[in-house]
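Containing TSV, C-alpha atoms and all ligand atoms: run_12.tsv.
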chain	number	residue	atom	x	y	z
X	120	MET	CA	-0.48	21.68	-97.67
X	121	MET	CA	-2.53	24.94	-97.60
X	122	ASN	CA	-4.95	24.93	-94.74
X	123	LYS	CA	-8.35	25.79	-96.17
X	124	HIS	CA	-9.70	26.52	-92.65
X	125	PRO	CA	-7.64	29.22	-90.97
X	126	GLU	CA	-9.76	29.11	-87.81
X	127	PRO	CA	-8.77	26.64	-85.07
X	128	ALA	CA	-10.30	23.15	-84.88
X	129	VAL	CA	-11.14	23.69	-81.21
X	130	GLU	CA	-11.36	26.96	-79.33
X	131	ALA	CA	-12.02	27.25	-75.60
X	132	ALA	CA	-12.49	30.38	-73.50
X	133	GLY	CA	-13.07	30.34	-69.75
X	134	LEU	CA	-13.96	26.65	-69.95
X	135	ARG	CA	-15.05	25.14	-66.65
X	136	VAL	CA	-16.38	21.67	-65.87
X	137	VAL	CA	-17.91	20.48	-62.61
X	138	ARG	CA	-18.10	16.74	-61.85
X	139	GLY	CA	-19.57	15.31	-58.67
X	140	GLY	CA	-19.85	18.83	-57.24
X	141	ARG	CA	-16.12	19.50	-57.76
X	142	THR	CA	-14.52	21.81	-60.33
X	143	VAL	CA	-12.31	19.45	-62.38
X	144	LEU	CA	-11.46	21.88	-65.23
X	145	ASP	CA	-11.05	25.51	-64.35
X	146	ASP	CA	-10.91	28.57	-66.60
X	147	LEU	CA	-9.22	26.93	-69.61
X	148	THR	CA	-8.54	29.15	-72.60
X	149	PHE	CA	-6.74	27.68	-75.62
X	150	ALA	CA	-6.94	27.03	-79.35
X	151	ILE	CA	-6.13	23.79	-81.16
X	152	PRO	CA	-4.91	24.43	-84.73
X	153	ARG	CA	-6.27	22.42	-87.64
X	154	GLY	CA	-4.25	19.80	-89.45
X	155	GLN	CA	-1.90	19.13	-86.54
X	156	ILE	CA	-1.44	16.67	-83.70
X	157	THR	CA	-2.08	18.27	-80.33
X	158	GLY	CA	-1.09	16.24	-77.30
X	159	LEU	CA	-3.03	16.58	-74.08
X	160	LEU	CA	-0.66	15.67	-71.30
X	161	GLY	CA	-0.71	15.57	-67.56
X	162	PRO	CA	-0.81	13.25	-64.59
X	163	SER	CA	-3.62	10.82	-63.89
X	164	GLY	CA	-6.75	12.64	-62.73
X	165	CYS	CA	-5.73	16.07	-64.06
X	166	GLY	CA	-8.78	16.20	-66.34
X	167	LYS	CA	-7.64	14.94	-69.76
X	168	SER	CA	-10.62	12.62	-70.33
X	169	THR	CA	-13.02	15.26	-69.02
X	170	LEU	CA	-11.68	17.80	-71.51
X	171	MET	CA	-12.02	15.29	-74.35
X	172	ARG	CA	-15.59	14.50	-73.30
X	173	ALA	CA	-16.34	18.23	-73.33
X	174	VAL	CA	-14.86	18.56	-76.85
X	175	VAL	CA	-17.00	15.70	-78.22
X	176	GLY	CA	-20.06	17.02	-76.38
X	177	SER	CA	-20.63	14.13	-73.98
X	178	GLN	CA	-19.78	16.00	-70.77
X	179	ALA	CA	-22.44	17.65	-68.59
X	180	GLN	CA	-21.96	20.87	-66.58
X	181	VAL	CA	-19.66	22.61	-69.03
X	182	THR	CA	-19.59	26.41	-68.83
X	183	GLY	CA	-17.61	29.00	-70.78
X	184	THR	CA	-17.20	28.81	-74.54
X	185	LEU	CA	-16.17	25.69	-76.45
X	186	THR	CA	-16.23	25.77	-80.24
X	187	VAL	CA	-15.44	22.72	-82.38
X	188	LEU	CA	-14.94	23.06	-86.15
X	189	GLY	CA	-16.72	26.41	-85.94
X	190	ARG	CA	-19.79	25.13	-84.06
X	191	PRO	CA	-20.70	24.73	-80.38
X	192	ALA	CA	-19.21	21.49	-78.98
X	193	GLY	CA	-21.71	18.64	-79.21
X	194	HIS	CA	-23.72	20.23	-82.06
X	195	ARG	CA	-25.50	17.42	-83.90
X	196	THR	CA	-23.93	18.37	-87.26
X	197	LEU	CA	-20.51	17.58	-85.76
X	198	ARG	CA	-21.31	13.88	-85.30
X	199	PRO	CA	-19.91	12.63	-88.64
X	200	GLU	CA	-16.96	15.04	-88.45
X	201	VAL	CA	-15.62	14.07	-85.04
X	202	GLY	CA	-14.20	10.62	-84.28
X	203	TYR	CA	-13.82	9.73	-80.60
X	204	VAL	CA	-12.03	6.77	-79.09
X	205	THR	CA	-12.49	6.29	-75.35
X	206	GLN	CA	-10.11	4.39	-73.08
X	207	ALA	CA	-12.56	1.47	-72.89
X	208	PRO	CA	-12.93	-0.24	-76.30
X	209	SER	CA	-16.51	0.24	-77.46
X	210	VAL	CA	-17.04	-2.50	-80.03
X	211	TYR	CA	-19.15	-5.68	-80.12
X	212	ALA	CA	-17.26	-8.63	-78.64
X	213	ASP	CA	-19.40	-11.20	-80.47
X	214	LEU	CA	-18.68	-9.77	-83.93
X	215	THR	CA	-15.38	-10.07	-85.79
X	216	ALA	CA	-13.28	-6.97	-86.35
X	217	ARG	CA	-14.46	-6.87	-89.97
X	218	GLN	CA	-18.12	-7.32	-88.99
X	219	ASN	CA	-17.83	-4.51	-86.42
X	220	LEU	CA	-16.39	-2.19	-89.06
X	221	ASP	CA	-18.96	-3.22	-91.64
X	222	TYR	CA	-21.75	-2.55	-89.12
X	223	TYR	CA	-20.44	0.89	-88.14
X	224	ALA	CA	-19.80	1.75	-91.80
X	225	ALA	CA	-23.48	1.03	-92.46
X	226	VAL	CA	-24.49	3.20	-89.47
X	227	LEU	CA	-22.35	6.01	-90.88
X	228	GLY	CA	-24.21	5.70	-94.16
X	229	ILE	CA	-21.25	4.48	-96.24
X	230	HIS	CA	-22.75	2.90	-99.37
X	231	ARG	CA	-22.87	-0.93	-99.38
X	232	ARG	CA	-20.80	-0.94	-102.59
X	233	ASP	CA	-17.98	1.08	-100.95
X	234	ARG	CA	-17.97	-0.70	-97.61
X	235	PRO	CA	-15.61	-3.65	-98.30
X	236	ALA	CA	-12.85	-1.38	-99.63
X	237	THR	CA	-13.34	1.15	-96.79
X	238	VAL	CA	-13.24	-1.62	-94.19
X	239	ASP	CA	-10.11	-3.20	-95.74
X	240	ARG	CA	-8.30	0.15	-95.89
X	241	THR	CA	-9.17	0.93	-92.28
X	242	LEU	CA	-8.06	-2.53	-91.09
X	243	ARG	CA	-4.74	-1.95	-92.86
X	244	ASP	CA	-4.42	1.51	-91.26
X	245	VAL	CA	-4.56	0.02	-87.76
X	246	ASP	CA	-2.56	-3.08	-88.72
X	247	LEU	CA	-5.35	-5.57	-88.04
X	248	THR	CA	-5.71	-7.27	-91.42
X	249	SER	CA	-4.37	-10.55	-90.07
X	250	HIS	CA	-6.98	-10.56	-87.28
X	251	ALA	CA	-9.87	-9.22	-89.34
X	252	ASP	CA	-11.95	-12.38	-89.02
X	253	ALA	CA	-11.31	-13.15	-85.36
X	254	LEU	CA	-14.11	-12.49	-82.89
X	255	THR	CA	-13.36	-9.16	-81.23
X	256	GLY	CA	-13.93	-10.74	-77.80
X	257	THR	CA	-11.00	-13.08	-78.41
X	258	LEU	CA	-8.56	-10.28	-79.31
X	259	SER	CA	-6.03	-8.83	-76.88
X	260	GLY	CA	-6.79	-5.51	-75.14
X	261	GLY	CA	-4.46	-3.64	-77.50
X	262	GLN	CA	-6.04	-5.26	-80.56
X	263	ARG	CA	-9.57	-4.45	-79.33
X	264	GLY	CA	-8.44	-0.85	-78.81
X	265	ARG	CA	-7.31	-0.79	-82.43
X	266	VAL	CA	-10.72	-2.03	-83.59
X	267	SER	CA	-12.24	0.96	-81.73
X	268	LEU	CA	-9.73	3.27	-83.40
X	269	ALA	CA	-10.59	1.76	-86.79
X	270	VAL	CA	-14.29	2.48	-86.15
X	271	ALA	CA	-13.43	6.13	-85.45
X	272	LEU	CA	-11.40	6.33	-88.68
X	273	LEU	CA	-14.13	4.87	-90.91
X	274	GLY	CA	-15.88	8.12	-91.73
X	275	GLU	CA	-12.60	10.01	-92.31
X	276	PRO	CA	-13.45	12.56	-89.59
X	277	GLU	CA	-12.00	16.07	-89.63
X	278	LEU	CA	-11.22	15.85	-85.92
X	279	LEU	CA	-10.04	12.70	-84.14
X	280	VAL	CA	-10.17	12.71	-80.35
X	281	LEU	CA	-8.17	9.82	-78.92
X	282	ASP	CA	-8.06	9.07	-75.21
X	283	GLU	CA	-4.75	7.32	-74.46
X	284	PRO	CA	-4.81	5.19	-77.64
X	285	THR	CA	-1.38	3.66	-77.11
X	286	VAL	CA	-1.85	2.27	-73.59
X	287	GLY	CA	-0.82	-1.39	-73.46
X	288	LEU	CA	0.72	-1.41	-76.94
X	289	ASP	CA	4.21	-2.68	-77.64
X	290	PRO	CA	6.80	-0.18	-78.96
X	291	VAL	CA	6.43	-1.27	-82.59
X	292	LEU	CA	2.65	-0.82	-82.58
X	293	ARG	CA	3.00	2.50	-80.74
X	294	ARG	CA	5.41	3.74	-83.38
X	295	ASP	CA	3.09	2.56	-86.17
X	296	LEU	CA	0.10	4.30	-84.63
X	297	TRP	CA	2.02	7.57	-84.32
X	298	ARG	CA	3.00	7.22	-87.98
X	299	LEU	CA	-0.67	6.78	-88.80
X	300	PHE	CA	-1.60	9.93	-86.83
X	301	HIS	CA	1.04	11.89	-88.75
X	302	ARG	CA	-0.24	10.50	-92.06
X	303	LEU	CA	-3.78	11.54	-91.15
X	304	THR	CA	-2.68	15.13	-90.53
X	305	GLU	CA	-0.26	15.38	-93.47
X	306	GLU	CA	-2.24	13.59	-96.18
X	307	ARG	CA	-5.82	14.32	-95.13
X	308	GLY	CA	-5.40	17.55	-93.18
X	309	ALA	CA	-7.17	15.94	-90.21
X	310	THR	CA	-6.73	17.32	-86.70
X	311	VAL	CA	-5.73	14.88	-83.97
X	312	LEU	CA	-6.22	15.56	-80.26
X	313	VAL	CA	-4.54	12.75	-78.37
X	314	SER	CA	-4.09	12.29	-74.63
X	315	SER	CA	-1.25	10.50	-72.94
X	316	HIS	CA	0.59	10.51	-69.69
X	317	VAL	CA	3.66	9.04	-71.33
X	318	MET	CA	5.85	12.08	-71.78
X	319	ASP	CA	8.02	10.61	-74.54
X	320	GLU	CA	4.91	10.62	-76.76
X	321	ALA	CA	4.78	14.38	-76.27
X	322	GLU	CA	7.82	14.69	-78.50
X	323	ARG	CA	5.79	13.29	-81.41
X	324	CYS	CA	3.12	16.03	-81.22
X	325	HIS	CA	3.11	19.34	-83.07
X	326	ARG	CA	1.67	21.12	-80.04
X	327	LEU	CA	1.07	20.32	-76.40
X	328	LEU	CA	-1.49	21.28	-73.82
X	329	LEU	CA	-0.07	20.51	-70.39
X	330	LEU	CA	-2.71	20.10	-67.71
X	331	ARG	CA	-2.35	19.85	-63.99
X	332	ASP	CA	-5.19	19.72	-61.45
X	333	GLY	CA	-7.65	20.91	-64.06
X	334	ARG	CA	-5.64	23.97	-64.99
X	335	LEU	CA	-3.57	24.69	-68.08
X	336	LEU	CA	0.15	24.81	-67.28
X	337	ALA	CA	1.31	25.38	-70.85
X	338	ASP	CA	0.10	25.53	-74.46
X	339	ASP	CA	3.04	25.45	-76.86
X	340	THR	CA	5.20	23.36	-79.19
X	341	PRO	CA	7.52	20.75	-77.63
X	342	ASP	CA	10.54	22.77	-78.84
X	343	ALA	CA	9.33	26.04	-77.39
X	344	LEU	CA	8.52	24.35	-74.08
X	345	ARG	CA	11.98	22.86	-73.84
X	346	ARG	CA	13.58	26.16	-74.77
X	347	SER	CA	11.56	28.34	-72.40
X	348	THR	CA	12.34	26.05	-69.46
X	349	ALA	CA	15.94	25.26	-70.52
X	350	SER	CA	15.08	21.52	-70.41
X	351	TYR	CA	16.28	18.59	-72.51
X	352	THR	CA	12.98	16.76	-72.55
X	353	VAL	CA	9.29	17.65	-72.40
X	354	GLU	CA	9.12	15.66	-69.17
X	355	ASP	CA	11.75	17.92	-67.59
X	356	ALA	CA	9.93	20.98	-68.98
X	357	PHE	CA	6.70	19.75	-67.41
X	358	LEU	CA	8.37	19.18	-64.02
X	359	HIS	CA	9.95	22.63	-64.23
X	360	LEU	CA	6.53	24.19	-64.87
X	361	VAL	CA	4.98	22.21	-62.00
X	362	ASP	CA	7.69	23.46	-59.60
X	363	GLN	CA	7.20	27.01	-60.87
X	364	ALA	CA	3.42	26.79	-60.37
X	365	ASP	CA	3.90	25.36	-56.87
X	366	ALA	CA	6.35	28.14	-55.97
X	367	ALA	CA	3.94	30.79	-57.31
X	368	GLU	CA	1.13	29.23	-55.28
X	369	ARG	CA	3.26	29.20	-52.11
X	370	GLU	CA	4.23	32.83	-52.70
X	371	GLY	CA	0.58	33.74	-53.26
X	372	THR	CA	-0.36	32.02	-50.00
X	373	ALA	CA	2.51	33.70	-48.18
X	374	ASP	CA	1.53	37.10	-49.61
X	375	ALA	CA	-2.08	36.55	-48.55
X	376	LYS	CA	-0.92	35.59	-45.04
X	377	ASN	CA	1.50	38.51	-44.89
X	378	SER	CA	-1.19	40.99	-45.81
X	379	THR	CA	-2.99	40.12	-42.56
X	380	GLY	CA	0.25	39.30	-40.75
X	381	PRO	CA	2.34	41.04	-38.14
X	382	HIS	CA	3.31	44.06	-40.27
X	383	ASP	CA	-0.33	44.73	-41.10
X	384	THR	CA	-1.41	48.00	-39.48
X	385	ALA	CA	-4.76	46.57	-38.38
X	386	ALA	CA	-4.51	44.64	-35.13
X	387	PRO	CA	-5.64	41.02	-35.53
X	388	THR	CA	-8.85	40.41	-33.68
X	389	GLU	CA	-8.70	36.59	-33.77
X	390	ALA	CA	-6.09	33.91	-34.25
X	391	THR	CA	-6.10	32.71	-37.90
X	392	PRO	CA	-6.34	28.89	-38.19
X	393	SER	CA	-3.29	27.49	-40.01
X	401	LIG	N1	-17.99	10.37	-63.02
X	401	LIG	C1	-17.30	11.20	-62.26
X	401	LIG	N2	-17.87	11.84	-61.22
X	401	LIG	C2	-17.18	12.69	-60.44
X	401	LIG	N3	-15.87	12.99	-60.64
X	401	LIG	C3	-15.27	12.38	-61.64
X	401	LIG	C4	-15.92	11.46	-62.51
X	401	LIG	N4	-15.03	11.02	-63.43
X	401	LIG	C5	-13.88	11.64	-63.15
X	401	LIG	N5	-14.00	12.45	-62.08
X	401	LIG	C6	-12.97	13.29	-61.48
X	401	LIG	O1	-12.57	14.27	-62.43
X	401	LIG	C7	-11.17	14.49	-62.37
X	401	LIG	C8	-10.58	14.37	-63.75
X	401	LIG	O2	-10.76	13.04	-64.20
X	401	LIG	P1	-10.31	12.60	-65.66
X	401	LIG	O3	-10.81	11.19	-65.87
X	401	LIG	O4	-10.74	13.63	-66.62
X	401	LIG	O5	-8.72	12.61	-65.52
X	401	LIG	P2	-7.61	12.06	-66.51
X	401	LIG	O6	-6.55	13.11	-66.56
X	401	LIG	O7	-8.21	11.64	-67.79
X	401	LIG	O8	-7.06	10.78	-65.72
X	401	LIG	P3	-6.41	9.41	-66.29
X	401	LIG	O9	-5.11	9.79	-66.94
X	401	LIG	O10	-6.22	8.61	-65.03
X	401	LIG	O11	-7.40	8.80	-67.22
X	401	LIG	C9	-10.61	13.49	-61.37
X	401	LIG	O12	-10.36	14.14	-60.16
X	401	LIG	C10	-11.71	12.48	-61.20
X	401	LIG	O13	-11.73	11.98	-59.88
Represent the supplied structure as structure tokens.
Amino acid sequence: MMNKHPEPAVEAAGLRVVRGGRTVLDDLTFAIPRGQITGLLGPSGCGKSTLMRAVVGSQAQVTGTLTVLGRPAGHRTLRPEVGYVTQAPSVYADLTARQNLDYYAAVLGIHRRDRPATVDRTLRDVDLTSHADALTGTLSGGQRGRVSLAVALLGEPELLVLDEPTVGLDPVLRRDLWRLFHRLTEERGATVLVSSHVMDEAERCHRLLLLRDGRLLADDTPDALRRSTASYTVEDAFLHLVDQADAAEREGTADAKNSTGPHDTAAPTEATPS
């Protein structure tokens, strides 16, 4: 399909986020292409959720440049165009799945006449038709997560930001959700930004952003990452890049020490603490 928007869906330059007085994202520069699935991967605590919060505009203390669908992240006109699913399901436990969707469809301004068909289609998309009339509070964690995902899909957003949407799902449901993400990009031209720390899911993405300790380790396709690191899997590629970054850091530290070390011409005036 021809992409009618050549510019990226998300563009970051020198992005930095401070949380609790600590820099948790540091100097990130990247572009997320439209109409593709970009996976945000990295170990727990590396900053995936923080980056997603910055993209949807709910994160404080963001500096640098962050542009989403051509506008500054968080701009009010982006609200109907960006769907966001957090790790904690954010739906009403005392409404059924269908009632939740009907409510949010009304909030989104979907006409009353169109709502039943929109809600049915969305329930089908997330494979919840058989549980449509159960109270959300009685559903399993994975099912509640899918109600949240369905809410995000209701308005057919241009950009879907999904924070670990497959956690706790069985392999069949995980596969079905990934099929849905691919359908959304292929048939609707939507952009999906999805986080995971399950590396086998990386293979299902068009592109990957690999994060570690708030810094970008790589921004490439799974194939290119495997090739450039001579690895069989993205997981091996990631580990290779981590080792490389650690070695570079050690070398940097050693260089810094050496520059004031024994072969330095200036005589040390004080012992340097190790
Ligand atoms: N409310 C907060 N206040 C201060 N620091 C925070 C807060 N929330 C998260 N952090 C810190 O920010 C860093 C990044 O957290 P974040 O939740 O973005 O990581 P993550 O990669 O999404 O982790 P996970 O995979 O476990 O969800 C962590 O070091 C975390 O301790």
Env of region 160-167 of chain X: 7 Å cut, atoms = only C-alpha atoms, seq-sep filter 4 positions within chain, self excluded. Answer as a PDB file with C-alpha atoms, keeping the file's coordinate frame.
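Below is the file part.pdb, written as the result:
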ATOM      1  CA  VAL X 143     -12.310  19.450 -62.380  1.00  0.00           C
ATOM      2  CA  LEU X 144     -11.460  21.880 -65.230  1.00  0.00           C
ATOM      3  CA  MET X 171     -12.020  15.290 -74.350  1.00  0.00           C
ATOM      4  CA  SER X 314      -4.090  12.290 -74.630  1.00  0.00           C
ATOM      5  CA  SER X 315      -1.250  10.500 -72.940  1.00  0.00           C
ATOM      6  CA  HIS X 316       0.590  10.510 -69.690  1.00  0.00           C
ATOM      7  CA  LEU X 328      -1.490  21.280 -73.820  1.00  0.00           C
ATOM      8  CA  LEU X 329      -0.070  20.510 -70.390  1.00  0.00           C
ATOM      9  CA  LEU X 330      -2.710  20.100 -67.710  1.00  0.00           C
ATOM     10  CA  ARG X 331      -2.350  19.850 -63.990  1.00  0.00           C
ATOM     11  CA  ASP X 332      -5.190  19.720 -61.450  1.00  0.00           C
ATOM     12  CA  GLY X 333      -7.650  20.910 -64.060  1.00  0.00           C
TER      13      GLY X 333
END
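Proximity of X:Val204, X:Leu147, X:Leu159, X:Leu247 to ligand LIG 401 (chain X), computed with only C-alpha atoms and all ligand atoms, is greatest for X:Leu159.
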Closest to Trp297 (chain X) among X:Gly371, X:Leu273, X:Arg198, X:Arg323, using only C-alpha atoms?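 Looking only at the distances to Trp297 (chain X), the closest residue turns out to be X:Arg323.
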Which polymer residues have any atom within 8 Å of an atom of Ala269 (chain X), counting all atoms listed in the file, with same-chain residues fewer than 4 positions away left out, as JSON, numbers by chain? {"X": [220, 241, 242, 244, 245, 265, 273]}
Residue among X:Asp342, X:Glu283, X:Asp252, X:Asp289 lying closest to Gln206 (chain X), counting only C-alpha atoms: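 That would be X:Glu283, the residue with the smallest distance to Gln206 (chain X).
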Between X:Val136, X:Val238, X:Ala309, X:Val129, which one has atoms that come closest to ligand LIG 401 (chain X), using all atoms listed in the file? X:Val136
Nearest to ligand LIG 401 (chain X) by atom-to-atom distance, counting all atoms listed in the file, from X:Ala225, X:Val317, X:Ala131, X:Leu188: X:Val317
Between X:Leu258, X:Asp355, X:Val174, X:Ala179, which has the minimum distance to Leu312 (chain X) (counting all atoms listed in the file)?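 Smallest distance to Leu312 (chain X) is found for X:Val174.
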For region 344-348 of chain X, please output as an MDAnalysis selection string all residues within 12 Å (counting only C-alpha atoms; exclusion window: fewer than 2 positions along the same chain). chainID X and resid 321:322 325:329 336:342 350:363
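The shell of residues at most 9 Å from Leu279 (chain X), with all atoms listed in the file counted and near chain neighbours (fewer than 3 positions) removed, consists of Glu200, Val201, Gly202, Tyr203, Val204, Ala271, Leu272, Glu275, Pro276, Ala309, Thr310, Val311, Leu312 and Val313 of chain X.
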Polymer residues at most 8 Å from Gly183 (chain X), all atoms listed in the file, same-chain spacing of 3 or more positions, as a list in words: Ala131, Ala132, Gly133, Leu134, Arg135 and Asp146 of chain X
Could you tell me how far CA of Ala207 (chain X) lies from CA of Gly154 (chain X), in Å and to one decimal? 26.1 Å
Separation of CA of Asp233 (chain X) and CA of Pro284 (chain X), in Å?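 That distance, rounded to one decimal, is 27.1 Å.
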Could you work out how far CA of Leu227 (chain X) lies from CA of Val175 (chain X), giving the answer in Å with one decimal? 16.8 Å
